[in-house]
>>> print(open('target-v7.csv').read())   # CSV, C-alpha atoms and all ligand atoms
chain,number,residue,atom,x,y,z
A,1,MET,CA,71.1,104.9,127.3
A,2,ASN,CA,74.8,105.1,126.6
A,3,SER,CA,75.8,103.0,129.6
A,4,ASP,CA,77.6,99.7,130.2
A,5,THR,CA,74.4,98.0,129.0
A,6,MET,CA,74.4,99.8,125.7
A,7,THR,CA,73.8,97.5,122.8
A,8,THR,CA,75.3,97.3,119.4
A,9,PRO,CA,73.2,98.5,116.4
A,10,THR,CA,72.6,94.9,115.5
A,11,ASP,CA,71.2,94.2,119.0
A,12,ALA,CA,69.1,97.3,118.8
A,13,ASP,CA,67.6,96.2,115.5
A,14,ASP,CA,66.0,93.2,117.3
A,15,ARG,CA,64.0,95.4,119.6
A,16,GLU,CA,60.5,96.6,119.0
A,17,THR,CA,60.3,99.9,117.0
A,18,LEU,CA,58.1,102.1,119.2
A,19,LEU,CA,58.2,105.3,117.3
A,20,SER,CA,58.8,105.8,113.6
A,21,VAL,CA,59.0,109.3,112.2
A,22,SER,CA,59.2,109.8,108.5
A,23,ASN,CA,59.4,112.9,106.3
A,24,LEU,CA,58.1,115.0,109.3
A,25,ARG,CA,57.4,118.5,108.2
A,26,THR,CA,55.9,121.1,110.5
A,27,SER,CA,55.4,124.6,109.3
A,28,PHE,CA,54.1,127.9,110.8
A,29,TYR,CA,51.9,130.0,108.5
A,30,THR,CA,52.2,133.7,109.2
A,31,ASP,CA,50.9,136.6,107.1
A,32,LYS,CA,54.3,137.3,105.8
A,33,GLU,CA,55.9,133.9,105.4
A,34,VAL,CA,55.9,130.1,106.0
A,35,ILE,CA,58.4,129.0,108.6
A,36,ARG,CA,59.5,125.5,107.9
A,37,ALA,CA,60.5,124.7,111.5
A,38,VAL,CA,60.8,121.0,110.9
A,39,ASP,CA,61.6,120.2,107.2
A,40,GLY,CA,61.6,116.5,106.5
A,41,VAL,CA,63.1,114.5,109.3
A,42,ASP,CA,63.2,110.7,109.7
A,43,PHE,CA,64.1,108.6,112.7
A,44,GLU,CA,63.0,105.7,114.8
A,45,ILE,CA,63.1,104.9,118.5
A,46,ARG,CA,63.2,101.3,119.7
A,47,ALA,CA,62.4,99.9,123.1
A,48,GLY,CA,65.3,100.5,125.6
A,49,GLU,CA,67.0,102.9,123.2
A,50,THR,CA,67.9,106.6,123.7
A,51,VAL,CA,67.8,108.7,120.6
A,52,GLY,CA,69.4,112.2,121.0
A,53,ILE,CA,68.5,115.3,119.0
A,54,VAL,CA,71.1,118.0,119.3
A,55,GLY,CA,71.5,121.5,117.8
A,56,GLU,CA,71.5,125.1,118.6
A,57,SER,CA,68.3,127.0,119.7
A,58,GLY,CA,66.0,127.6,116.8
A,59,SER,CA,67.1,124.4,115.0
A,60,GLY,CA,63.6,122.8,115.3
A,61,LYS,CA,64.3,120.3,118.1
A,62,SER,CA,61.4,121.3,120.3
A,63,VAL,CA,58.9,121.6,117.4
A,64,THR,CA,59.9,118.0,116.5
A,65,ALA,CA,58.9,116.9,120.0
A,66,ARG,CA,55.7,118.9,120.1
A,67,SER,CA,54.7,117.5,116.7
A,68,ILE,CA,55.1,113.9,118.1
A,69,MET,CA,53.0,114.9,121.1
A,70,GLY,CA,50.2,116.5,119.0
A,71,LEU,CA,51.0,119.9,120.6
A,72,VAL,CA,51.6,122.1,117.6
A,73,GLU,CA,49.3,125.1,117.9
A,74,SER,CA,47.9,127.4,115.2
A,75,PRO,CA,49.4,128.9,113.0
A,76,GLY,CA,51.5,125.8,113.0
A,77,ARG,CA,50.6,122.5,111.3
A,78,ILE,CA,52.0,119.2,110.4
A,79,GLU,CA,52.2,119.0,106.6
A,80,PRO,CA,50.0,116.2,105.0
A,81,ASP,CA,52.8,114.0,103.7
A,82,SER,CA,54.4,113.6,107.1
A,83,SER,CA,54.2,110.4,109.1
A,84,ILE,CA,54.5,109.7,112.8
A,85,GLN,CA,53.8,106.1,113.7
A,86,TYR,CA,53.5,104.7,117.3
A,87,ARG,CA,53.7,100.9,117.3
A,88,GLY,CA,52.6,101.0,113.6
A,89,ASN,CA,49.6,103.3,114.2
A,90,GLU,CA,49.6,106.6,112.3
A,91,LEU,CA,49.3,109.6,114.7
A,92,THR,CA,49.2,112.5,112.3
A,93,THR,CA,45.5,111.8,111.4
A,94,ASN,CA,44.5,111.6,115.1
A,95,SER,CA,41.6,113.6,116.5
A,96,GLU,CA,42.3,115.7,119.5
A,97,SER,CA,40.8,113.1,121.8
A,98,GLU,CA,43.0,110.4,120.3
A,99,TRP,CA,46.0,112.6,120.8
A,100,GLN,CA,45.0,113.0,124.4
A,101,ASP,CA,44.9,109.2,124.9
A,102,ILE,CA,48.5,108.9,123.4
A,103,ARG,CA,49.8,111.9,125.3
A,104,GLY,CA,50.7,111.1,128.8
A,105,GLY,CA,49.7,107.5,128.2
A,106,ASP,CA,51.9,105.8,125.6
A,107,ILE,CA,54.1,108.8,125.1
A,108,ALA,CA,55.0,111.2,127.9
A,109,MET,CA,57.1,114.4,127.9
A,110,VAL,CA,59.4,116.1,130.4
A,111,PHE,CA,60.0,119.8,129.7
A,112,GLN,CA,62.9,122.0,130.5
A,113,ASP,CA,60.9,124.0,133.1
A,114,PRO,CA,59.2,121.6,135.5
A,115,LEU,CA,56.7,124.4,136.4
A,116,THR,CA,55.3,124.0,132.9
A,117,SER,CA,54.0,120.6,134.0
A,118,LEU,CA,53.1,121.2,137.6
A,119,ASN,CA,50.1,123.1,138.8
A,120,PRO,CA,51.1,125.5,141.6
A,121,VAL,CA,47.7,125.2,143.4
A,122,TYR,CA,47.6,121.4,143.8
A,123,THR,CA,49.9,119.3,145.9
A,124,VAL,CA,52.4,117.2,144.1
A,125,GLY,CA,50.6,114.1,145.4
A,126,ASN,CA,47.3,115.2,144.0
A,127,GLN,CA,48.9,115.7,140.6
A,128,ILE,CA,50.6,112.3,140.5
A,129,LYS,CA,47.4,110.6,141.7
A,130,GLU,CA,45.4,112.4,139.0
A,131,ALA,CA,47.7,111.0,136.4
A,132,LEU,CA,47.4,107.5,138.0
A,133,ARG,CA,43.6,107.8,137.9
A,134,LEU,CA,43.5,108.9,134.3
A,135,HIS,CA,46.0,106.4,132.9
A,136,GLN,CA,46.0,103.5,135.3
A,137,ASN,CA,42.6,103.8,136.8
A,138,LEU,CA,44.0,103.8,140.3
A,139,ARG,CA,42.1,105.6,143.1
A,140,GLY,CA,42.1,106.1,146.9
A,141,SER,CA,44.7,104.3,149.0
A,142,GLU,CA,45.9,102.3,145.9
A,143,ALA,CA,46.7,105.6,144.1
A,144,THR,CA,48.4,107.0,147.3
A,145,LYS,CA,50.5,103.9,147.6
A,146,GLU,CA,51.6,104.0,144.0
A,147,ALA,CA,52.3,107.7,144.1
A,148,THR,CA,54.5,107.2,147.2
A,149,ARG,CA,56.3,104.4,145.4
A,150,LEU,CA,56.9,106.6,142.3
A,151,LEU,CA,58.3,109.5,144.4
A,152,GLN,CA,60.7,107.0,146.1
A,153,GLU,CA,61.6,105.5,142.7
A,154,VAL,CA,62.7,109.0,141.4
A,155,GLY,CA,64.8,109.5,144.6
A,156,ILE,CA,62.6,111.9,146.6
A,157,PRO,CA,63.2,111.2,150.3
A,158,ASP,CA,60.4,111.2,152.9
A,159,ALA,CA,57.9,110.5,150.1
A,160,PRO,CA,54.7,110.3,152.2
A,161,ARG,CA,55.3,113.8,153.5
A,162,ARG,CA,56.5,115.2,150.2
A,163,LEU,CA,53.2,114.0,148.5
A,164,ARG,CA,51.3,116.6,150.7
A,165,GLU,CA,53.6,119.5,149.6
A,166,TYR,CA,53.1,122.0,146.8
A,167,PRO,CA,55.5,122.5,143.9
A,168,HIS,CA,56.9,125.7,145.4
A,169,GLN,CA,58.1,123.7,148.4
A,170,PHE,CA,60.4,121.6,146.1
A,171,SER,CA,63.8,122.7,144.9
A,172,GLY,CA,64.4,122.8,141.1
A,173,GLY,CA,66.0,119.3,141.0
A,174,MET,CA,63.2,117.8,143.2
A,175,ARG,CA,60.5,119.4,141.0
A,176,GLN,CA,62.1,117.8,137.9
A,177,ARG,CA,62.1,114.5,139.7
A,178,ALA,CA,58.4,115.0,140.6
A,179,VAL,CA,57.6,115.7,136.9
A,180,ILE,CA,59.4,112.5,135.9
A,181,ALA,CA,57.3,110.6,138.6
A,182,MET,CA,54.2,112.1,137.0
A,183,ALA,CA,55.3,111.0,133.5
A,184,LEU,CA,56.0,107.5,134.9
A,185,ALA,CA,52.5,107.5,136.5
A,186,CYS,CA,51.2,107.3,132.9
A,187,ASP,CA,53.2,104.1,132.3
A,188,PRO,CA,54.6,105.4,129.0
A,189,SER,CA,56.6,103.4,126.4
A,190,VAL,CA,58.3,106.5,125.0
A,191,LEU,CA,59.5,109.4,127.1
A,192,ILE,CA,60.4,112.6,125.3
A,193,CYS,CA,62.8,114.8,127.4
A,194,ASP,CA,63.1,118.3,126.1
A,195,GLU,CA,66.2,119.9,127.7
A,196,PRO,CA,65.2,118.4,131.0
A,197,THR,CA,68.5,119.3,132.8
A,198,THR,CA,69.3,122.7,131.2
A,199,ALA,CA,67.9,124.8,134.1
A,200,LEU,CA,69.7,122.7,136.7
A,201,ASP,CA,73.2,123.0,138.1
A,202,VAL,CA,75.7,120.4,137.1
A,203,THR,CA,75.5,118.1,140.1
A,204,ILE,CA,71.7,117.9,139.9
A,205,GLN,CA,71.9,117.5,136.1
A,206,ALA,CA,74.1,114.4,136.6
A,207,GLN,CA,71.6,113.0,139.2
A,208,ILE,CA,68.7,113.4,136.8
A,209,LEU,CA,70.6,111.8,133.9
A,210,GLU,CA,71.4,108.8,136.2
A,211,LEU,CA,67.8,108.6,137.2
A,212,LEU,CA,66.6,108.5,133.6
A,213,ASP,CA,69.2,105.8,132.9
A,214,LYS,CA,68.0,103.7,135.8
A,215,ILE,CA,64.3,104.1,134.8
A,216,GLN,CA,65.1,103.1,131.2
A,217,GLU,CA,67.0,100.0,132.4
A,218,GLU,CA,64.1,99.0,134.7
A,219,GLU,CA,61.2,99.8,132.4
A,220,GLY,CA,62.7,99.3,128.9
A,221,ILE,CA,61.2,102.6,127.6
A,222,GLY,CA,62.4,104.4,124.5
A,223,ILE,CA,63.7,107.9,125.2
A,224,MET,CA,64.0,110.8,122.8
A,225,PHE,CA,66.4,113.3,124.4
A,226,ILE,CA,66.7,116.9,123.2
A,227,THR,CA,69.5,119.2,124.2
A,228,HIS,CA,71.9,121.8,122.8
A,229,ASP,CA,74.7,120.3,125.0
A,230,MET,CA,77.0,117.9,123.2
A,231,GLY,CA,78.4,116.8,126.5
A,232,VAL,CA,75.0,115.7,127.7
A,233,ILE,CA,74.2,114.1,124.4
A,234,ALA,CA,77.4,112.0,124.6
A,235,GLU,CA,76.4,110.8,128.0
A,236,VAL,CA,72.8,109.8,127.3
A,237,SER,CA,72.4,108.7,123.7
A,238,ASP,CA,72.7,105.5,121.9
A,239,ARG,CA,72.2,107.2,118.6
A,240,VAL,CA,72.4,111.0,117.8
A,241,ASN,CA,70.7,113.2,115.2
A,242,VAL,CA,72.3,116.6,114.7
A,243,MET,CA,69.6,119.1,113.7
A,244,TYR,CA,70.1,122.4,111.8
A,245,ALA,CA,67.5,124.8,110.5
A,246,GLY,CA,64.7,122.2,110.5
A,247,GLU,CA,66.8,119.3,109.0
A,248,PHE,CA,68.9,116.4,110.3
A,249,VAL,CA,72.3,117.1,108.9
A,250,GLU,CA,74.1,114.1,110.5
A,251,SER,CA,72.9,110.9,112.1
A,252,ALA,CA,75.1,108.1,113.7
A,253,PRO,CA,75.6,105.9,116.7
A,254,VAL,CA,77.0,108.1,119.5
A,255,GLU,CA,80.6,106.8,119.6
A,256,ASP,CA,80.9,107.1,115.8
A,257,LEU,CA,79.6,110.6,115.8
A,258,PHE,CA,82.1,111.7,118.4
A,259,GLU,CA,85.0,109.8,117.0
A,260,ASN,CA,84.3,110.5,113.4
A,261,PRO,CA,82.1,113.5,112.8
A,262,LYS,CA,81.5,114.2,109.1
A,263,HIS,CA,79.3,117.2,108.7
A,264,PRO,CA,81.1,120.6,109.1
A,265,TYR,CA,78.3,121.7,111.6
A,266,THR,CA,78.9,118.7,113.8
A,267,GLN,CA,82.6,119.3,113.6
A,268,GLY,CA,82.0,122.9,114.7
A,269,LEU,CA,79.8,121.8,117.6
A,270,LEU,CA,82.5,119.4,118.8
A,271,GLU,CA,85.2,122.0,118.5
A,272,SER,CA,83.3,124.2,120.8
A,273,ILE,CA,82.9,121.8,123.8
A,274,PRO,CA,85.5,122.2,126.6
A,275,SER,CA,85.8,118.5,127.6
A,276,LYS,CA,86.8,117.5,124.1
A,277,ASN,CA,89.3,120.3,123.7
A,278,ALA,CA,91.2,120.3,127.0
A,279,GLY,CA,94.4,122.3,126.7
A,280,LYS,CA,93.2,124.6,124.0
A,281,ARG,CA,93.5,128.2,125.1
A,282,ARG,CA,90.5,129.3,123.1
A,283,LEU,CA,87.6,127.2,122.0
A,284,ASP,CA,86.4,127.5,118.4
A,285,THR,CA,82.9,128.9,117.9
A,286,ILE,CA,80.6,128.8,114.9
A,287,GLU,CA,80.1,132.4,113.8
A,288,GLY,CA,76.6,133.6,113.1
A,289,GLU,CA,73.3,132.0,114.1
A,290,VAL,CA,70.8,129.4,112.8
A,291,PRO,CA,68.7,131.0,110.0
A,292,THR,CA,64.9,130.8,110.1
A,293,PRO,CA,64.0,128.3,107.3
A,294,THR,CA,61.4,130.1,105.2
A,295,ASP,CA,62.1,128.9,101.7
A,296,ASP,CA,62.4,125.6,99.8
A,297,PRO,CA,65.6,123.7,100.6
A,298,THR,CA,67.3,124.3,97.2
A,299,TYR,CA,70.7,125.0,98.8
A,300,CYS,CA,72.6,124.1,102.0
A,301,ARG,CA,71.2,126.1,104.9
A,302,PHE,CA,74.5,125.9,106.7
A,303,ALA,CA,76.5,127.5,103.8
A,304,PRO,CA,76.7,131.0,105.2
A,305,ARG,CA,78.5,129.7,108.3
A,306,CYS,CA,80.4,126.7,106.8
A,307,PRO,CA,84.2,127.0,106.6
A,308,LYS,CA,84.2,124.3,103.8
A,309,ALA,CA,81.4,125.8,101.6
A,310,PHE,CA,82.0,126.0,97.8
A,311,ASP,CA,79.9,127.4,94.9
A,312,GLU,CA,77.5,124.4,94.5
A,313,CYS,CA,76.5,124.6,98.2
A,314,GLU,CA,74.5,127.7,97.2
A,315,VAL,CA,72.4,126.0,94.5
A,316,VAL,CA,72.2,122.3,95.4
A,317,HIS,CA,70.4,120.9,98.4
A,318,PRO,CA,72.5,118.3,100.2
A,319,GLU,CA,70.6,115.0,100.7
A,320,SER,CA,71.4,112.5,103.4
A,321,VAL,CA,74.0,110.0,102.2
A,322,GLN,CA,75.8,107.1,103.9
A,323,VAL,CA,79.3,108.2,104.9
A,324,GLN,CA,80.6,104.9,106.2
A,325,SER,CA,80.2,101.4,104.9
A,326,ASP,CA,80.3,99.5,108.2
A,327,VAL,CA,77.9,101.6,110.4
A,328,ASP,CA,74.7,103.4,109.9
A,329,HIS,CA,76.2,106.9,109.7
A,330,SER,CA,74.8,109.5,107.3
A,331,ALA,CA,75.4,113.1,106.6
A,332,ALA,CA,73.7,115.7,104.4
A,333,CYS,CA,76.6,117.5,102.9
A,334,LEU,CA,78.0,117.9,99.4
A,335,LEU,CA,81.4,116.8,100.6
A,336,TYR,CA,80.1,113.2,100.6
A,337,PRO,CA,80.3,110.4,99.4
A,338,ASP,CA,84.0,111.3,99.8
A,339,GLU,CA,85.2,108.7,97.3
A,340,GLN,CA,83.5,110.6,94.5
A,341,SER,CA,84.8,113.7,92.7
A,342,THR,CA,83.1,117.0,93.4
A,343,GLU,CA,81.2,116.9,90.1
A,344,GLU,CA,80.0,113.3,90.9
A,345,ARG,CA,78.9,114.2,94.4
A,346,VAL,CA,76.9,117.2,93.2
A,347,THR,CA,75.1,114.9,90.6
A,348,THR,CA,74.5,112.3,93.4
A,349,HIS,CA,72.8,114.9,95.6
A,350,GLN,CA,70.8,116.4,92.7
A,351,ALA,CA,69.6,112.9,91.7
A,352,ALA,CA,68.7,112.0,95.3
A,353,GLY,CA,66.8,115.3,95.6
A,354,ASP,CA,64.8,114.6,92.4
A,355,ASP,CA,64.0,111.1,93.6
A,356,ALA,CA,62.7,112.4,97.0
A,357,ALA,CA,60.6,115.1,95.2
A,358,GLU,CA,59.1,112.4,92.9
A,359,THR,CA,58.3,110.2,95.8
A,360,GLY,CA,56.6,113.1,97.6
A,361,GLU,CA,54.5,114.0,94.6
A,362,SER,CA,53.3,110.4,94.1
A,363,GLN,CA,52.1,110.1,97.7
A,401,LIG,S1,77.0,121.2,101.7
A,401,LIG,FE1,78.6,122.7,101.5
A,401,LIG,S2,78.0,124.4,102.8
A,401,LIG,FE2,76.8,122.6,103.4
A,401,LIG,S3,77.9,121.7,105.0
A,401,LIG,FE3,78.6,120.7,103.2
A,401,LIG,S4,80.4,121.8,102.5
A,401,LIG,FE4,79.4,123.1,104.0
>>> encode(input="target-v7.csv", output="structure tokens")
Amino acid sequence: MNSDTMTTPTDADDRETLLSVSNLRTSFYTDKEVIRAVDGVDFEIRAGETVGIVGESGSGKSVTARSIMGLVESPGRIEPDSSIQYRGNELTTNSESEWQDIRGGDIAMVFQDPLTSLNPVYTVGNQIKEALRLHQNLRGSEATKEATRLLQEVGIPDAPRRLREYPHQFSGGMRQRAVIAMALACDPSVLICDEPTTALDVTIQAQILELLDKIQEEEGIGIMFITHDMGVIAEVSDRVNVMYAGEFVESAPVEDLFENPKHPYTQGLLESIPSKNAGKRRLDTIEGEVPTPTDDPTYCRFAPRCPKAFDECEVVHPESVQVQSDVDHSAACLLYPDEQSTEERVTTHQAAGDDAAETGESQ
């Protein structure tokens, strides 16, 4: 996480790549249209690294997470040329039982609403012990001892008593802690957190973020953190991907993204956060809303809302290009590479798009 212990990109490169997502495309087939909820995203998560995905509701963040967990339900499907590799093993060709082994074992997920993960009719202790039985083969007193330790680790006081209580006897923050304990019971290498603090008040939110930071430091797990909140993403991430209408439009190490945002959408998101704009009487907002991506990306999906749009944005799809020479910072926008003329940039993006299409066809 983005803490005192945060490493430079060079250090991070030495760490094991746990998850590698490449050209992930997840679509929903309805009678009327195909919704391209995730439309060609690429990223990696290394051990001990937190990768943030930020964007407005409807940008495709949660579908990305559900795709990695094998939780996309009909009429949705992961398109054939997508790749999700965990420690080098392809997951997209998994059978349901293979997904089940991965889910909750190697890769665990914490949802926004803890009640999604907790069964109201079982005690919290029973549910943690069930996870310990399934994933660590612990039973009886051994499982009780480990469940108690996990509740203590996530900061729940009086753990032996709390184990015997039901989810409704826990506050919202305590429930989210219990869900994190359940996720840890599976001993995961990757933890996917989908808006885990959105439903919590600010104080509890800070405590949960601190807890995740502590767990990561102790266990060295890779974390994928999804949120619509730029303030939270700044606090937790080592690297940030900004998502819009199914695509990553900007990707950079966290400090670089905040100091030097390149894509007009990222710039708009940053203009709208209070902490970065103290003293402004009115915060800027991005007019309009995220469109549902239903057609081929032959243009910039942000164009209708973009204050810098020009004619070509309506007919050329912006590909991801490097926007800085000294850091791994890319943006998908026809304004870059900024050392080129407008005409050259348009040609650069068209050529990159043709290359990508050719690669896709030859696979
Ligand atoms: S490609 Fe054009 S419309 Fe899209 S973000 Fe860049 S300038 Fe704006």
>>> residues_near_ligand(input="target-v7.csv", ligand="ligand LIG 401 (chain A)", cutoff="7 Å", atoms="all atoms listed in the file", output="MDAnalysis selection string")
chainID A and resid 263:265 300:303 306:310 313 318 332:335
>>> closest_residue(input="target-v7.csv", among="A:Thr17, A:Gln205, A:Ser251, A:Asn137", to="Val236 in chain A", atoms="only C-alpha atoms")
A:Gln205
>>> closest_atom_pairs(input="target-v7.csv", of="range 239-295 of chain A", to="range 57-66 of chain A", cutoff="9 Å", atoms="all atoms listed in the file", output="Markdown table")
| residue | atom | partner | partner_atom | distance |
| --- | --- | --- | --- | --- |
| A:Met243 | CA | A:Ser59 | CA | 6.0 |
| A:Tyr244 | CA | A:Ser59 | CA | 4.8 |
| A:Ala245 | CA | A:Ser59 | CA | 4.5 |
| A:Gly246 | CA | A:Gly60 | CA | 5.0 |
| A:Glu247 | CA | A:Ser59 | CA | 7.9 |
| A:Glu289 | CA | A:Gly58 | CA | 8.9 |
| A:Val290 | CA | A:Gly58 | CA | 6.5 |
| A:Pro291 | CA | A:Gly58 | CA | 8.1 |
| A:Thr292 | CA | A:Gly58 | CA | 7.5 |
>>> write_last_selection(input="target-v7.csv", atoms="C-alpha atoms", output="compact mmCIF listing (two decimals), keeping the file's coordinate frame")
# COMPACT_ATOMS: atom_id res chain seq x y z
CA MET A 243 69.60 119.10 113.70
CA TYR A 244 70.10 122.40 111.80
CA ALA A 245 67.50 124.80 110.50
CA GLY A 246 64.70 122.20 110.50
CA GLU A 247 66.80 119.30 109.00
CA GLU A 289 73.30 132.00 114.10
CA VAL A 290 70.80 129.40 112.80
CA PRO A 291 68.70 131.00 110.00
CA THR A 292 64.90 130.80 110.10
>>> residues_near_point(input="target-v7.csv", point="(50.6, 113.8, 140.9)", cutoff="10 Å", atoms="all atoms listed in the file", output="list in words")
Leu118, Asn119, Tyr122, Thr123, Val124, Gly125, Asn126, Gln127, Ile128, Lys129, Glu130, Ala131, Leu132, Arg133, Ala143, Thr144, Ala147, Thr148, Leu150, Leu151, Leu163, Ala178, Val179, Ala181, Met182, Ala183 and Ala185 of chain A
>>> residues_around(input="target-v7.csv", residues="Leu184 in chain A", least_positions_apart="6", cutoff="12 Å", atoms="only C-alpha atoms", output="number ranges by chain")
A: 104-110, 128-129, 131-132, 135-136, 146-147, 149-151, 153-154, 177-178, 190-192, 212, 215-216, 218-219, 221
>>> atom_distance(input="target-v7.csv", atom1="CA of Thr298 in chain A", atom2="CA of His317 in chain A")
4.8 Å
>>> build_atoms(input="target-v7.csv", residues="range 312-319 of chain A", atoms="all heavy atoms", output="compact mmCIF listing (two decimals), in the coordinates of the input")
# COMPACT_ATOMS: atom_id res chain seq x y z
N GLU A 312 78.75 125.28 94.66
CA GLU A 312 77.50 124.40 94.50
C GLU A 312 76.67 124.41 95.75
O GLU A 312 75.47 124.14 95.67
CB GLU A 312 77.92 123.02 94.08
CG GLU A 312 78.31 122.86 92.62
CD GLU A 312 79.74 123.26 92.33
OE1 GLU A 312 80.40 123.79 93.26
OE2 GLU A 312 80.20 123.08 91.19
N CYS A 313 77.28 124.65 96.91
CA CYS A 313 76.50 124.60 98.20
C CYS A 313 75.37 125.64 98.16
O CYS A 313 74.40 125.51 98.88
CB CYS A 313 77.42 124.88 99.35
SG CYS A 313 78.79 123.72 99.47
N GLU A 314 75.52 126.68 97.31
CA GLU A 314 74.50 127.70 97.20
C GLU A 314 73.33 127.36 96.34
O GLU A 314 72.30 128.02 96.36
CB GLU A 314 75.12 129.03 96.66
CG GLU A 314 76.34 129.54 97.41
CD GLU A 314 75.97 130.25 98.69
OE1 GLU A 314 74.77 130.53 98.89
OE2 GLU A 314 76.88 130.49 99.49
N VAL A 315 73.49 126.31 95.54
CA VAL A 315 72.40 126.00 94.50
C VAL A 315 71.95 124.56 94.55
O VAL A 315 71.01 124.22 93.84
CB VAL A 315 72.93 126.37 93.10
CG1 VAL A 315 73.00 127.88 92.93
CG2 VAL A 315 74.26 125.72 92.78
N VAL A 316 72.61 123.71 95.32
CA VAL A 316 72.20 122.30 95.40
C VAL A 316 71.88 121.95 96.84
O VAL A 316 72.67 122.26 97.73
CB VAL A 316 73.29 121.36 94.84
CG1 VAL A 316 72.88 119.90 94.98
CG2 VAL A 316 73.61 121.69 93.40
N HIS A 317 70.73 121.30 97.03
CA HIS A 317 70.40 120.90 98.40
C HIS A 317 71.07 119.59 98.75
O HIS A 317 70.89 118.60 98.04
CB HIS A 317 68.87 120.75 98.55
CG HIS A 317 68.46 120.36 99.94
ND1 HIS A 317 67.92 119.15 100.25
CD2 HIS A 317 68.57 121.03 101.11
CE1 HIS A 317 67.67 119.09 101.55
NE2 HIS A 317 68.06 120.22 102.09
N PRO A 318 71.86 119.56 99.82
CA PRO A 318 72.50 118.30 100.20
C PRO A 318 71.50 117.30 100.76
O PRO A 318 70.77 117.63 101.69
CB PRO A 318 73.55 118.69 101.23
CG PRO A 318 73.22 120.07 101.64
CD PRO A 318 72.21 120.66 100.72
N GLU A 319 71.46 116.10 100.19
CA GLU A 319 70.60 115.00 100.70
C GLU A 319 71.41 114.16 101.66
O GLU A 319 72.63 114.17 101.63
CB GLU A 319 70.05 114.19 99.54
CG GLU A 319 69.30 114.98 98.50
CD GLU A 319 68.01 115.62 99.03
OE1 GLU A 319 67.38 115.02 99.91
OE2 GLU A 319 67.67 116.71 98.56
